[in-house]
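Engineer: Have a look at this one before I ask anything.
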Amino acid sequence: MKTTLWKVILVVFVTILSSCSKEISKSIESYSADKEMKISIQGKRTSSLDPWLLDIEMTYKGETSKVYQEFYADEINKQTIHFEWKNNRTCMIQLTQHDGVLINVPIKVQE
């Protein structure tokens, strides 16, 4: 009886610890037409019930800038994230959440 109780406690403890692990998405990248500007997006979340925290990184001429955006979606992929390049220094990132709401994140280099 005592051994069975310890086994149950151990299984519950391991289950709780494994549910607290962070989920990290694959990075999605897009480049300007002249390839001088790169935008990378990667998401992190604690559980599948939580929103993604997107790490949006823009690199131009060796300089890197980051912005963060909360995003409610089941997955981060090319169907939920769309890059709309206006020109070589301006991009509108469109994020489609699981409820259909669009979030627009403008990225622009000021020279």
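Ordering of the structure tokens sets the chain letters (A, B, ...); residue numbers start at 1 within each chain; ligands are numbered from 1 in the order shown.
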Do you know which residues are at most 12 Å from Tyr60 in chain A counting only C-alpha atoms, after dropping those on the same chain fewer than 4 positions away, and could you put them as a list in words?
Structural biologist: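 Near neighbours after the sequence-gap exclusion: Tyr31, Ser32, Asp34, Lys35, Glu36, Met37, Lys38, Ile39, Ser40, Thr64, Ser65, Lys66, Asn88, Arg89, Thr90, Ile107, Lys108, Val109, Gln110 and Glu111 of chain A.
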Engineer: Can you tell me, as a list in words, what residues are no more than 9 Å from Ser48 in chain A when counting only C-alpha atoms, ignoring any on the same chain fewer than 4 positions away?
Structural biologist: Glu23, Trp52 and Asp74 of chain A
Engineer: Now that the selection is made, can you save its residues with N, CA and C atoms as a PDB file, in the first residue's frame?
Structural biologist:
```
ATOM      1  N   GLU A  23       7.418  25.619 -24.425  1.00  0.00           N
ATOM      2  CA  GLU A  23       7.345  25.222 -25.828  1.00  0.00           C
ATOM      3  C   GLU A  23       7.964  26.337 -26.659  1.00  0.00           C
ATOM      4  N   TRP A  52       1.313  32.693 -27.291  1.00  0.00           N
ATOM      5  CA  TRP A  52       2.717  32.737 -27.673  1.00  0.00           C
ATOM      6  C   TRP A  52       3.261  34.127 -27.373  1.00  0.00           C
ATOM      7  N   ASP A  74      -2.814  28.317 -32.323  1.00  0.00           N
ATOM      8  CA  ASP A  74      -2.438  26.948 -31.983  1.00  0.00           C
ATOM      9  C   ASP A  74      -1.001  26.670 -32.390  1.00  0.00           C
TER      10      ASP A  74
END
```
Engineer: Report the residues of chain A whose backbone DSSP state falls under strand (DSSP E), written as a ChimeraX atom specification.
Structural biologist: /A:23-24,28-31,37-45,52-60,63-71,81-87,90-96,102-108
Engineer: Using only C-alpha atoms, find the one residue out of A:Ile103, A:Ile41, A:Ile28, A:Ile93 that sits nearest to Glu57 in chain A.
Structural biologist: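 Going through A:Ile103, A:Ile41, A:Ile28, A:Ile93 one by one, the smallest distance to Glu57 in chain A is for A:Ile41.
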Engineer: Taking into account only C-alpha atoms, which residue in the set A:Gln69, A:Ser47, A:Ser30, A:Thr80 is nearest to Gly100 in chain A?
Structural biologist: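 Answer, going by the shortest atom-to-atom distance: A:Thr80.
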Engineer: Pull the helix (DSSP H, G or I) assignments for chain A out of DSSP run on the backbone, and list those residues as a list in words.
Structural biologist: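 The residues of chain A classed as helix (DSSP H, G or I) are Lys2, Thr3, Thr4, Leu5, Trp6, Lys7, Val8, Ile9, Leu10, Val11, Val12, Phe13, Val14, Thr15, Ile16, Leu17, Ser18 and Ser19 of chain A.
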Engineer: Pull N, CA and C atoms from the residues just selected and write them as a PDB file, in the first residue's frame.
Structural biologist:
```
ATOM      1  N   LYS A   2       1.883   1.269   0.849  1.00  0.00           N
ATOM      2  CA  LYS A   2       2.760   2.429   0.941  1.00  0.00           C
ATOM      3  C   LYS A   2       3.540   2.626  -0.364  1.00  0.00           C
ATOM      4  N   THR A   3       3.996   1.546  -0.982  1.00  0.00           N
ATOM      5  CA  THR A   3       4.738   1.614  -2.242  1.00  0.00           C
ATOM      6  C   THR A   3       3.845   2.142  -3.361  1.00  0.00           C
ATOM      7  N   THR A   4       2.597   1.705  -3.409  1.00  0.00           N
ATOM      8  CA  THR A   4       1.654   2.161  -4.431  1.00  0.00           C
ATOM      9  C   THR A   4       1.395   3.652  -4.283  1.00  0.00           C
ATOM     10  N   LEU A   5       1.246   4.119  -3.063  1.00  0.00           N
ATOM     11  CA  LEU A   5       1.017   5.545  -2.823  1.00  0.00           C
ATOM     12  C   LEU A   5       2.200   6.370  -3.312  1.00  0.00           C
ATOM     13  N   TRP A   6       3.422   5.910  -3.049  1.00  0.00           N
ATOM     14  CA  TRP A   6       4.615   6.630  -3.506  1.00  0.00           C
ATOM     15  C   TRP A   6       4.714   6.644  -5.025  1.00  0.00           C
ATOM     16  N   LYS A   7       4.319   5.554  -5.662  1.00  0.00           N
ATOM     17  CA  LYS A   7       4.323   5.507  -7.126  1.00  0.00           C
ATOM     18  C   LYS A   7       3.334   6.513  -7.711  1.00  0.00           C
ATOM     19  N   VAL A   8       2.151   6.608  -7.110  1.00  0.00           N
ATOM     20  CA  VAL A   8       1.141   7.559  -7.577  1.00  0.00           C
ATOM     21  C   VAL A   8       1.648   8.988  -7.390  1.00  0.00           C
ATOM     22  N   ILE A   9       2.227   9.263  -6.233  1.00  0.00           N
ATOM     23  CA  ILE A   9       2.769  10.603  -5.972  1.00  0.00           C
ATOM     24  C   ILE A   9       3.876  10.929  -6.973  1.00  0.00           C
ATOM     25  N   LEU A  10       4.732   9.973  -7.263  1.00  0.00           N
ATOM     26  CA  LEU A  10       5.821  10.189  -8.225  1.00  0.00           C
ATOM     27  C   LEU A  10       5.272  10.473  -9.622  1.00  0.00           C
ATOM     28  N   VAL A  11       4.277   9.726 -10.063  1.00  0.00           N
ATOM     29  CA  VAL A  11       3.678   9.947 -11.377  1.00  0.00           C
ATOM     30  C   VAL A  11       3.035  11.324 -11.453  1.00  0.00           C
ATOM     31  N   VAL A  12       2.314  11.727 -10.423  1.00  0.00           N
ATOM     32  CA  VAL A  12       1.691  13.054 -10.403  1.00  0.00           C
ATOM     33  C   VAL A  12       2.758  14.141 -10.429  1.00  0.00           C
ATOM     34  N   PHE A  13       3.811  13.991  -9.668  1.00  0.00           N
ATOM     35  CA  PHE A  13       4.888  14.976  -9.621  1.00  0.00           C
ATOM     36  C   PHE A  13       5.577  15.118 -10.979  1.00  0.00           C
ATOM     37  N   VAL A  14       5.889  14.004 -11.618  1.00  0.00           N
ATOM     38  CA  VAL A  14       6.530  14.037 -12.932  1.00  0.00           C
ATOM     39  C   VAL A  14       5.607  14.667 -13.967  1.00  0.00           C
ATOM     40  N   THR A  15       4.323  14.377 -13.904  1.00  0.00           N
ATOM     41  CA  THR A  15       3.353  14.974 -14.829  1.00  0.00           C
ATOM     42  C   THR A  15       3.291  16.484 -14.662  1.00  0.00           C
ATOM     43  N   ILE A  16       3.277  16.940 -13.431  1.00  0.00           N
ATOM     44  CA  ILE A  16       3.232  18.387 -13.178  1.00  0.00           C
ATOM     45  C   ILE A  16       4.501  19.060 -13.698  1.00  0.00           C
ATOM     46  N   LEU A  17       5.652  18.471 -13.447  1.00  0.00           N
ATOM     47  CA  LEU A  17       6.908  19.054 -13.930  1.00  0.00           C
ATOM     48  C   LEU A  17       6.982  19.081 -15.446  1.00  0.00           C
ATOM     49  N   SER A  18       6.515  18.036 -16.101  1.00  0.00           N
ATOM     50  CA  SER A  18       6.597  18.010 -17.562  1.00  0.00           C
ATOM     51  C   SER A  18       5.638  19.000 -18.199  1.00  0.00           C
ATOM     52  N   SER A  19       4.531  19.320 -17.539  1.00  0.00           N
ATOM     53  CA  SER A  19       3.584  20.288 -18.097  1.00  0.00           C
ATOM     54  C   SER A  19       4.096  21.721 -17.968  1.00  0.00           C
TER      55      SER A  19
END
```
Engineer: What separation in Å, quoted to one decimal, exists between CA of Tyr72 in chain A and CA of Glu84 in chain A?
Structural biologist: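 CA of Glu84 in chain A lies at a distance of 20.2 Å from CA of Tyr72 in chain A.
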Engineer: Interatomic distance between CA of Thr46 in chain A and CA of Tyr68 in chain A?
Structural biologist: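 So the answer is 15.9 Å.
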Engineer: Which residue is closest to Ser27 in chain A? Choose from A:Lys86, A:Lys78, A:Arg45, A:His98 and count only C-alpha atoms.
Structural biologist: A:Lys78
